[in-house]
2 protein chains.
Amino acid sequence: MADNKKMVNAITSMDEDFAQWYTDIVKKAELIEYTSVKGCMVIRPYAYAIWENIQRILDGMFKATGHENVCMPMFIPESLLQKEKDHVEGFAPEVAWVTHGGSEKLEDRLCVRPTSETLFCEHYANIVHSYRDLPKLYNQWVSVVRWEKTTRPFLRSREFLWQEGHTIHATAEEAIEETEKMLGVYAEFCEKYLAMPVVKGRKTDSDKFAGAEATYAIEALMHDGKALQAGTSHYFGDGFARAFDIQYTNKENKLTYPHQTSWGVTTRLIGAIIMTHGDNDGLVLPPAVAPIQVVILPIAQHKEGVLEKCAELKARLEKDFRVKLDDSDNSAGWKFSEYEMKGVPVRVELGPKDIEAGQCVIVTRHNREKTVVSLDELETMVAKKLEEVNEGLFNKALENREKKTYSCITTDEIIKALEENGDGFIKAMWCGDEECEDKVKELTGVGSRCIPFEQDNISDKCVCCGKPAKCMVYWGKAY
Amino acid sequence: MADNKKMVNAITSMDEDFAQWYTDIVKKAELIEYTSVKGCMVIRPYAYAIWENIQRILDGMFKATGHENVCMPMFIPESLLQKEKDHVEGFAPEVAWVTHGGSEKLEDRLCVRPTSETLFCEHYANIVHSYRDLPKLYNQWVSVVRWEKTTRPFLRSREFLWQEGHTIHATAEEAIEETEKMLGVYAEFCEKYLAMPVVKGRKTDSDKFAGAEATYAIEALMHDGKALQAGTSHYFGDGFARAFDIQYTNKENKLTYPHQTSWGVTTRLIGAIIMTHGDNDGLVLPPAVAPIQVVILPIAQHKEGVLEKCAELKARLEKDFRVKLDDSDNSAGWKFSEYEMKGVPVRVELGPKDIEAGQCVIVTRHNREKTVVSLDELETMVAKKLEEVNEGLFNKALENREKKTYSCITTDEIIKALEENGDGFIKAMWCGDEECEDKVKELTGVGSRCIPFEQDNISDKCVCCGKPAKCMVYWGKAY
């Protein structure tokens, strides 16, 4: 290993400086390149291929649950944005304003969508008239703009890619069911395909989406003990419908306000993958979204028959997997480091001696385990190894989260837990009062992440005021 | 048929008013809905599903030719846009300007990308250093904004969806080869998957892309005899490289300017599909991009066993095709009209008598041909019918184009041909002089569409000035 290290520019150690480690990976694994547009980045082919895999899987899950894709304009007239009071208050301070088209000044300024509730509402008002028109289960894959002051690749940028689901239903019950169902889809996606354990829960009122009655979220714990909100699902009640005058005739022939939801995940998930699975040699990718699942590296590739045999293995493997054969003239050591940096889950090594013995060596990226495999069993063993990687990544992440989750009865205990163990999830009871929520943050530095669906009764009393507790809350420092 | 007509709102006849016919279809087939953002539209699920099919097929063709997807920011700083002189002159008058982020006024205005050459150039300058870094074969699927004065759904809107390929090569030869290759990909896509014959050719200098050395295009003839530019591919030489200071060290260790291309198709293709294949009953979709390829309509669905048998056929067909079974309580007549309006290529009818006879009726949308098919042969026959539809659509479109293409020796002949036959392609010789090009337009109303790769020597003299001709040009009125 020591030799390989010299051949690529080493990255900062994650224990030394986690933030710099992250930035190094983002550049060295060729995920992001900066531009002269402040806070906006180029998503390079390797990162975009991860996003395409995320899209393909999630889009399949959305369609399997009855959703259809649409595409709304990217602009929202200022007058339209202002129709729902809470919503405009939440978003107006951070939007980009288009004031001129060509040389002509616009009468009504347009903002570049920070989210599209207002556009969907305008559309629903046009197309929803009868109970027969409901529900509409829509989604779009687009980019949105929020004028953030400080930005970080994937985690917080002025423009980011996402999907936004927007649905409208006859009844509150149906809309609530949808809100919860889509949170479940997100959780399943993260755990099954990104090998990233998440906590499902409800946001406190102070953390709700602007205009929502309730916001649900999945929260993940990164390697450094900071929390990351990985997806959200909002229930709007009939608030937007009233603001935008969307009404339908129900079965009893009565005009009724429908109920709405919205839900989204973003390219932030790529940041979550990096910080959940990455290590000091670079990226570690979950197989389901890895652009290259298997890299074949020839050993002593100048020797007769090696490249031919490698090409043969590639042809066999690419029927079932995303495969790359690197037959470039870079050294084997450079290649080892390069594909470790890129986080390719499985490496297949093949040299003259292996060919003679009818075998190859399979190395799994996350634990560097080497297995000698008979070439007859190649496909089966690669499939098995990819499953092992996925399981291994999930278990490692779950272990990290469990190790870094602390139950606390008092704010003093919170402070002590963080001091002794570093950042992590704090499980502590809450009376439901916003004042206590703020005070916990002020005293300990951790904010409420969510009220988890799976409650633990740690104590009867609020961690802050000591009054009767209403629920257990996950607290943490957030990305 | 007369009965069905009454059950849906009839659309304007295409012979009576083609423009209104187009607008009617766009609304009645639920492709587009207008918004309060002038010139921007909602692409509704049915149209977006067509676009997804276009994307999937084209993206596969791009990847098979070695291209990778990336994503650039949607904003371009004014200073960056200004770096290439011709480019900024061409685009600055029609861009949307962002002047404020939140409440803060921006120092350097940002335009919403009308096209992304400048961003790709900035990126290349960062990542291309050596001949080893070349070529880069990039593409992105995004939306762009051009502040058009008059807009029409799909054909011309202020925001539209597209893909833009951007490539950079070591030599001019490689870049020219790429430009031509991608035009070939577009032509193959249109002819094979959209059943739309196209003419491949080069644009005259007055019609080139702003900043290009040469622009190639595919031109299609719509049902009404007007031409539609369906895709373009540009060769830039090293002009952008010089403007953006992109240089690489070649194999002889010498600093060299690379050569570039870009190429794109847009949601305009959906407009082309409508105007190439549509008829007075609505949309007619080529099977490769139809969201629903087969609709199953139960006859007398209240009769015992009909819905069950239809569901069984659906289960069989959806293994190979995109299938919908409409078991709603709308009348059979309404359903016939609805799926004709939506342009579903193949309809399968099944009633109690069919079940008894072990058969069903297959109706092809484009020619209304009915075929009684044994249920044993269902899959084979549906596949065969879909192929027949595709072939039938292509031949019909080709016939329309041939019928409406006129060879002319003089401008008087052009005027006469258009008067007698209506709009169409004019094939006529040209001396290569821009003055003649302008004069032809002034005198006859038709502009140059392209200099086709396949030349016909109609005469030795320019159709306008009578001087020696350099080439044959397709002329026409354009969307």
# chains A, B, ... in the order shown; residues from 1 in each chain; ligands from 1
>>> closest_atom_pairs(of="chain A", to="chain B", cutoff="8 Å", atoms="only C-alpha atoms", output="Markdown table")
| residue | atom | partner | partner_atom | distance |
| --- | --- | --- | --- | --- |
| A:Glu33 | CA | B:His123 | CA | 7.7 |
| A:Thr35 | CA | B:His123 | CA | 7.2 |
| A:Ser36 | CA | B:Pro77 | CA | 7.5 |
| A:Val37 | CA | B:Pro77 | CA | 6.5 |
| A:Cys40 | CA | B:Pro73 | CA | 5.8 |
| A:Met41 | CA | B:Pro73 | CA | 6.2 |
| A:Val42 | CA | B:Met72 | CA | 4.8 |
| A:Ile43 | CA | B:Cys71 | CA | 5.0 |
| A:Arg44 | CA | B:Val70 | CA | 5.2 |
| A:Pro45 | CA | B:Val70 | CA | 4.9 |
| A:Tyr48 | CA | B:Val70 | CA | 5.7 |
| A:Ala49 | CA | B:Asn69 | CA | 7.3 |
| A:Glu68 | CA | B:Pro45 | CA | 6.0 |
| A:Asn69 | CA | B:Pro45 | CA | 5.6 |
| A:Val70 | CA | B:Pro45 | CA | 4.9 |
| A:Cys71 | CA | B:Ile43 | CA | 5.0 |
| A:Met72 | CA | B:Val42 | CA | 4.8 |
| A:Pro73 | CA | B:Cys40 | CA | 5.8 |
| A:Met74 | CA | B:Glu159 | CA | 7.8 |
| A:Phe75 | CA | B:Val37 | CA | 7.0 |
| A:Ile76 | CA | B:Val37 | CA | 6.9 |
| A:Pro77 | CA | B:Val37 | CA | 6.5 |
| A:Ala92 | CA | B:Gly102 | CA | 6.7 |
| A:Pro93 | CA | B:Gly102 | CA | 4.7 |
| A:Glu94 | CA | B:Gly102 | CA | 4.5 |
| A:Val95 | CA | B:Gly102 | CA | 5.0 |
| A:Ala96 | CA | B:Gly101 | CA | 4.4 |
| A:Trp97 | CA | B:His100 | CA | 5.2 |
| A:Val98 | CA | B:Val98 | CA | 4.2 |
| A:Thr99 | CA | B:Trp97 | CA | 6.3 |
| A:His100 | CA | B:Trp97 | CA | 5.2 |
| A:Gly101 | CA | B:Ala96 | CA | 4.4 |
| A:Gly102 | CA | B:Glu94 | CA | 4.5 |
| A:Ser103 | CA | B:Pro93 | CA | 6.5 |
| A:Glu122 | CA | B:Thr35 | CA | 7.5 |
| A:His123 | CA | B:Thr35 | CA | 7.3 |
| A:Trp147 | CA | B:Gly101 | CA | 5.8 |
| A:Glu159 | CA | B:Pro73 | CA | 7.0 |
>>> write_last_selection(atoms="C-alpha atoms", output="compact mmCIF listing (two decimals), in the first residue's frame")
# COMPACT_ATOMS: atom_id res chain seq x y z
CA GLU A 33 -15.18 21.33 -10.76
CA THR A 35 -16.84 27.63 -12.10
CA SER A 36 -16.78 31.41 -12.24
CA VAL A 37 -20.46 31.35 -11.21
CA CYS A 40 -22.56 26.84 -8.79
CA MET A 41 -20.48 23.87 -9.88
CA VAL A 42 -19.91 21.53 -12.78
CA ILE A 43 -21.19 18.06 -11.97
CA ARG A 44 -18.55 16.02 -13.79
CA PRO A 45 -19.28 12.76 -15.66
CA TYR A 48 -23.40 12.71 -12.92
CA ALA A 49 -23.32 8.97 -13.61
CA GLU A 68 -46.09 10.53 -13.53
CA ASN A 69 -43.37 12.96 -14.57
CA VAL A 70 -44.14 16.46 -15.82
CA CYS A 71 -42.13 19.61 -16.40
CA MET A 72 -43.04 23.07 -15.13
CA PRO A 73 -41.39 26.32 -16.22
CA MET A 74 -38.25 27.36 -14.31
CA PHE A 75 -39.61 30.86 -13.72
CA ILE A 76 -42.20 32.01 -11.19
CA PRO A 77 -43.75 35.48 -11.52
CA ALA A 92 -38.33 35.26 -1.23
CA PRO A 93 -35.13 36.22 0.64
CA GLU A 94 -33.13 33.55 -1.15
CA VAL A 95 -34.25 33.60 -4.77
CA ALA A 96 -32.54 34.81 -7.94
CA TRP A 97 -34.55 37.51 -9.73
CA VAL A 98 -34.82 37.87 -13.48
CA THR A 99 -35.60 41.51 -14.22
CA HIS A 100 -34.83 41.78 -17.95
CA GLY A 101 -35.64 39.69 -21.03
CA GLY A 102 -33.13 40.77 -23.68
CA SER A 103 -33.03 44.55 -23.33
CA GLU A 122 -51.60 27.29 -10.68
CA HIS A 123 -51.66 24.20 -12.92
CA TRP A 147 -29.17 32.10 -3.11
CA GLU A 159 -28.15 25.62 -7.98
>>> residues_around(residues="Glu340 of chain B", least_positions_apart="2", cutoff="8 Å", atoms="only C-alpha atoms", output="list in words")
Asp281, Gly282, Leu283, Val284, Phe336, Ser337, Glu338, Lys342, Gly343, Val344 and Arg365 of chain B
>>> residues_around(residues="Ala357 of chain A", least_positions_apart="4", cutoff="12 Å", atoms="only C-alpha atoms", output="tab-separated table (two decimals) with N, CA, C and O atoms, in the first residue's frame")
chain	number	residue	atom	x	y	z
A	350	LEU	N	-5.91	-9.85	-12.72
A	350	LEU	CA	-5.61	-11.05	-13.51
A	350	LEU	C	-4.22	-10.92	-14.13
A	350	LEU	O	-3.95	-9.99	-14.89
A	351	GLY	N	-3.34	-11.84	-13.78
A	351	GLY	CA	-1.99	-11.87	-14.35
A	351	GLY	C	-1.69	-13.22	-14.95
A	351	GLY	O	-2.54	-14.13	-14.93
A	352	PRO	N	-0.47	-13.39	-15.50
A	352	PRO	CA	-0.11	-14.64	-16.19
A	352	PRO	C	-0.27	-15.87	-15.29
A	352	PRO	O	-0.77	-16.91	-15.73
A	353	LYS	N	0.13	-15.75	-14.02
A	353	LYS	CA	0.02	-16.91	-13.12
A	353	LYS	C	-1.43	-17.28	-12.85
A	353	LYS	O	-1.77	-18.45	-12.73
A	361	VAL	N	-8.07	-12.72	-8.91
A	361	VAL	CA	-8.16	-12.23	-7.53
A	361	VAL	C	-9.22	-11.14	-7.48
A	361	VAL	O	-9.21	-10.22	-8.29
A	372	VAL	N	-9.31	-15.38	-3.87
A	372	VAL	CA	-8.91	-16.05	-5.11
A	372	VAL	C	-10.12	-16.83	-5.62
A	372	VAL	O	-10.73	-17.59	-4.87
A	373	VAL	N	-10.46	-16.59	-6.89
A	373	VAL	CA	-11.72	-17.12	-7.42
A	373	VAL	C	-11.44	-17.89	-8.71
A	373	VAL	O	-10.69	-17.41	-9.57
A	374	SER	N	-12.03	-19.04	-8.83
A	374	SER	CA	-11.91	-19.79	-10.08
A	374	SER	C	-12.65	-19.05	-11.19
A	374	SER	O	-13.75	-18.53	-10.98
A	375	LEU	N	-12.05	-18.97	-12.37
A	375	LEU	CA	-12.67	-18.22	-13.47
A	375	LEU	C	-14.02	-18.81	-13.87
A	375	LEU	O	-14.88	-18.10	-14.40
A	376	ASP	N	-14.23	-20.08	-13.58
A	376	ASP	CA	-15.53	-20.70	-13.88
A	376	ASP	C	-16.65	-20.05	-13.07
A	376	ASP	O	-17.81	-20.05	-13.49
>>> select_by_dssp(residues="segment 97-297 of chain B", states="helix (DSSP H, G or I)", output="PDB file with C-alpha atoms, in the first residue's frame")
ATOM      1  CA  GLU B 117     -20.592  26.841 -25.148  1.00  0.00           C
ATOM      2  CA  THR B 118     -19.074  29.461 -22.847  1.00  0.00           C
ATOM      3  CA  LEU B 119     -19.466  27.311 -19.725  1.00  0.00           C
ATOM      4  CA  PHE B 120     -18.030  24.241 -21.431  1.00  0.00           C
ATOM      5  CA  CYS B 121     -15.087  26.327 -22.670  1.00  0.00           C
ATOM      6  CA  GLU B 122     -14.357  27.617 -19.188  1.00  0.00           C
ATOM      7  CA  HIS B 123     -14.465  24.030 -17.923  1.00  0.00           C
ATOM      8  CA  TYR B 124     -12.222  22.715 -20.715  1.00  0.00           C
ATOM      9  CA  ALA B 125      -9.674  25.413 -19.939  1.00  0.00           C
ATOM     10  CA  ASN B 126      -9.549  23.951 -16.414  1.00  0.00           C
ATOM     11  CA  ILE B 127      -9.343  20.267 -17.281  1.00  0.00           C
ATOM     12  CA  TYR B 131      -3.217  15.319 -25.567  1.00  0.00           C
ATOM     13  CA  ARG B 132      -3.991  12.572 -23.049  1.00  0.00           C
ATOM     14  CA  ASP B 133      -6.984  14.630 -21.871  1.00  0.00           C
ATOM     15  CA  ALA B 172      -9.789  19.670 -36.877  1.00  0.00           C
ATOM     16  CA  GLU B 173     -10.312  16.372 -38.705  1.00  0.00           C
ATOM     17  CA  GLU B 174     -11.545  14.623 -35.561  1.00  0.00           C
ATOM     18  CA  ALA B 175     -13.887  17.501 -34.714  1.00  0.00           C
ATOM     19  CA  ILE B 176     -15.334  17.592 -38.235  1.00  0.00           C
ATOM     20  CA  GLU B 177     -15.831  13.826 -38.114  1.00  0.00           C
ATOM     21  CA  GLU B 178     -17.697  14.231 -34.800  1.00  0.00           C
ATOM     22  CA  THR B 179     -19.899  17.023 -36.209  1.00  0.00           C
ATOM     23  CA  GLU B 180     -20.918  14.814 -39.123  1.00  0.00           C
ATOM     24  CA  LYS B 181     -21.274  11.684 -36.991  1.00  0.00           C
ATOM     25  CA  MET B 182     -23.735  13.349 -34.625  1.00  0.00           C
ATOM     26  CA  LEU B 183     -25.783  14.742 -37.519  1.00  0.00           C
ATOM     27  CA  GLY B 184     -25.923  11.132 -38.698  1.00  0.00           C
ATOM     28  CA  VAL B 185     -27.112  10.003 -35.263  1.00  0.00           C
ATOM     29  CA  TYR B 186     -29.898  12.601 -35.356  1.00  0.00           C
ATOM     30  CA  ALA B 187     -30.935  11.578 -38.882  1.00  0.00           C
ATOM     31  CA  GLU B 188     -30.984   7.900 -37.946  1.00  0.00           C
ATOM     32  CA  PHE B 189     -32.994   8.665 -34.812  1.00  0.00           C
ATOM     33  CA  CYS B 190     -35.604  10.720 -36.678  1.00  0.00           C
ATOM     34  CA  GLU B 191     -36.018   8.258 -39.522  1.00  0.00           C
ATOM     35  CA  LYS B 192     -35.900   5.030 -37.522  1.00  0.00           C
ATOM     36  CA  TYR B 193     -37.682   5.999 -34.292  1.00  0.00           C
ATOM     37  CA  ASP B 205     -23.201  31.123 -43.863  1.00  0.00           C
ATOM     38  CA  SER B 206     -25.999  33.554 -43.064  1.00  0.00           C
ATOM     39  CA  ASP B 207     -27.778  30.806 -41.146  1.00  0.00           C
ATOM     40  CA  GLY B 239     -12.288  29.823 -32.513  1.00  0.00           C
ATOM     41  CA  PHE B 240     -13.719  29.198 -29.059  1.00  0.00           C
ATOM     42  CA  ALA B 241     -10.428  27.657 -27.886  1.00  0.00           C
ATOM     43  CA  ARG B 242      -8.597  30.862 -28.845  1.00  0.00           C
ATOM     44  CA  ALA B 243     -11.236  33.079 -27.233  1.00  0.00           C
ATOM     45  CA  PHE B 244     -11.150  31.061 -23.991  1.00  0.00           C
ATOM     46  CA  ARG B 268     -39.386  20.809 -30.792  1.00  0.00           C
ATOM     47  CA  LEU B 269     -39.199  17.190 -31.976  1.00  0.00           C
ATOM     48  CA  ILE B 270     -42.582  16.674 -30.312  1.00  0.00           C
ATOM     49  CA  GLY B 271     -43.960  19.471 -32.498  1.00  0.00           C
ATOM     50  CA  ALA B 272     -42.400  17.728 -35.498  1.00  0.00           C
ATOM     51  CA  ILE B 273     -44.103  14.446 -34.595  1.00  0.00           C
ATOM     52  CA  ILE B 274     -47.484  16.185 -34.337  1.00  0.00           C
ATOM     53  CA  MET B 275     -47.154  17.981 -37.672  1.00  0.00           C
ATOM     54  CA  THR B 276     -45.653  15.019 -39.533  1.00  0.00           C
ATOM     55  CA  HIS B 277     -48.041  12.263 -38.498  1.00  0.00           C
TER      56      HIS B 277
END
>>> atom_distance(atom1="atom CA of Lys27 of chain B", atom2="atom CA of Ser130 of chain A")
18.5 Å
>>> select_by_dssp(residues="segment 6-53 of chain B", states="strand (DSSP E)", output="list in words")
Ile32, Glu33, Tyr34, Met41, Val42 and Ile43 of chain B
>>> write_last_selection(atoms="C-alpha atoms", output="compact mmCIF listing (two decimals), in the first residue's frame")
# COMPACT_ATOMS: atom_id res chain seq x y z
CA ILE B 32 -49.35 21.30 -22.97
CA GLU B 33 -51.03 23.66 -20.55
CA TYR B 34 -50.40 27.38 -20.56
CA MET B 41 -45.60 26.07 -20.71
CA VAL B 42 -46.31 23.04 -18.59
CA ILE B 43 -45.19 19.89 -20.38
>>> residues_around(residues="Arg401 of chain B", least_positions_apart="4", cutoff="8 Å", atoms="only C-alpha atoms", output="list in words")
Leu221, Met222, Gly225, Ala397, Thr405, Gly424 and Phe425 of chain B
>>> write_last_selection(atoms="C-alpha atoms", output="PDB file, in the first residue's frame")
ATOM      1  CA  LEU B 221     -41.109  18.711 -44.195  1.00  0.00           C
ATOM      2  CA  MET B 222     -44.296  18.997 -42.187  1.00  0.00           C
ATOM      3  CA  GLY B 225     -45.450  21.846 -46.607  1.00  0.00           C
ATOM      4  CA  ALA B 397     -44.415  11.227 -44.569  1.00  0.00           C
ATOM      5  CA  THR B 405     -40.795  18.997 -53.379  1.00  0.00           C
ATOM      6  CA  GLY B 424     -43.164  22.747 -49.923  1.00  0.00           C
ATOM      7  CA  PHE B 425     -39.457  22.223 -50.452  1.00  0.00           C
TER       8      PHE B 425
END
>>> atom_distance(atom1="atom CA of Arg113 of chain B", atom2="atom CA of Leu58 of chain A")
27.9 Å
>>> residues_around(residues="Trp475 of chain A", least_positions_apart="2", cutoff="7 Å", atoms="only C-alpha atoms", output="MDAnalysis selection string")
chainID A and resid 425:427 446:449 473
>>> decode(residues="segment 192-206 of chain A", atoms="N, CA, C and O atoms", output="compact mmCIF listing (two decimals), in the first residue's frame")
# COMPACT_ATOMS: atom_id res chain seq x y z
N LYS A 192 -31.52 0.52 1.14
CA LYS A 192 -31.31 -0.62 0.26
C LYS A 192 -30.27 -0.33 -0.82
O LYS A 192 -29.46 -1.19 -1.14
N TYR A 193 -30.32 0.86 -1.40
CA TYR A 193 -29.46 1.13 -2.56
C TYR A 193 -28.25 2.00 -2.25
O TYR A 193 -27.26 1.95 -2.95
N LEU A 194 -28.35 2.84 -1.21
CA LEU A 194 -27.19 3.65 -0.83
C LEU A 194 -26.49 3.07 0.40
O LEU A 194 -25.48 3.60 0.85
N ALA A 195 -27.02 1.98 0.95
CA ALA A 195 -26.45 1.32 2.13
C ALA A 195 -26.28 2.31 3.28
O ALA A 195 -25.32 2.26 4.04
N MET A 196 -27.24 3.22 3.38
CA MET A 196 -27.16 4.30 4.36
C MET A 196 -28.36 4.25 5.30
O MET A 196 -29.48 4.55 4.89
N PRO A 197 -28.15 3.85 6.56
CA PRO A 197 -29.28 3.79 7.50
C PRO A 197 -29.83 5.19 7.78
O PRO A 197 -29.06 6.15 7.85
N VAL A 198 -31.14 5.30 7.89
CA VAL A 198 -31.75 6.61 8.16
C VAL A 198 -32.77 6.50 9.28
O VAL A 198 -33.31 5.42 9.53
N VAL A 199 -33.00 7.62 9.94
CA VAL A 199 -34.06 7.72 10.94
C VAL A 199 -35.22 8.45 10.29
O VAL A 199 -35.04 9.52 9.70
N LYS A 200 -36.42 7.85 10.36
CA LYS A 200 -37.61 8.50 9.83
C LYS A 200 -38.30 9.27 10.95
O LYS A 200 -38.48 8.72 12.05
N GLY A 201 -38.68 10.49 10.67
CA GLY A 201 -39.37 11.23 11.71
C GLY A 201 -40.03 12.50 11.21
O GLY A 201 -40.03 12.77 10.01
N ARG A 202 -40.60 13.23 12.16
CA ARG A 202 -41.29 14.47 11.82
C ARG A 202 -40.44 15.64 12.30
O ARG A 202 -39.81 15.55 13.36
N LYS A 203 -40.37 16.69 11.52
CA LYS A 203 -39.67 17.90 11.91
C LYS A 203 -40.49 18.63 12.97
O LYS A 203 -41.72 18.59 12.94
N THR A 204 -39.81 19.33 13.86
CA THR A 204 -40.55 20.18 14.81
C THR A 204 -41.13 21.35 14.03
O THR A 204 -40.71 21.64 12.91
N ASP A 205 -42.09 22.05 14.63
CA ASP A 205 -42.77 23.13 13.91
C ASP A 205 -41.82 24.23 13.43
O ASP A 205 -42.03 24.82 12.37
N SER A 206 -40.77 24.47 14.20
CA SER A 206 -39.86 25.56 13.82
C SER A 206 -39.04 25.19 12.58
O SER A 206 -38.44 26.04 11.95
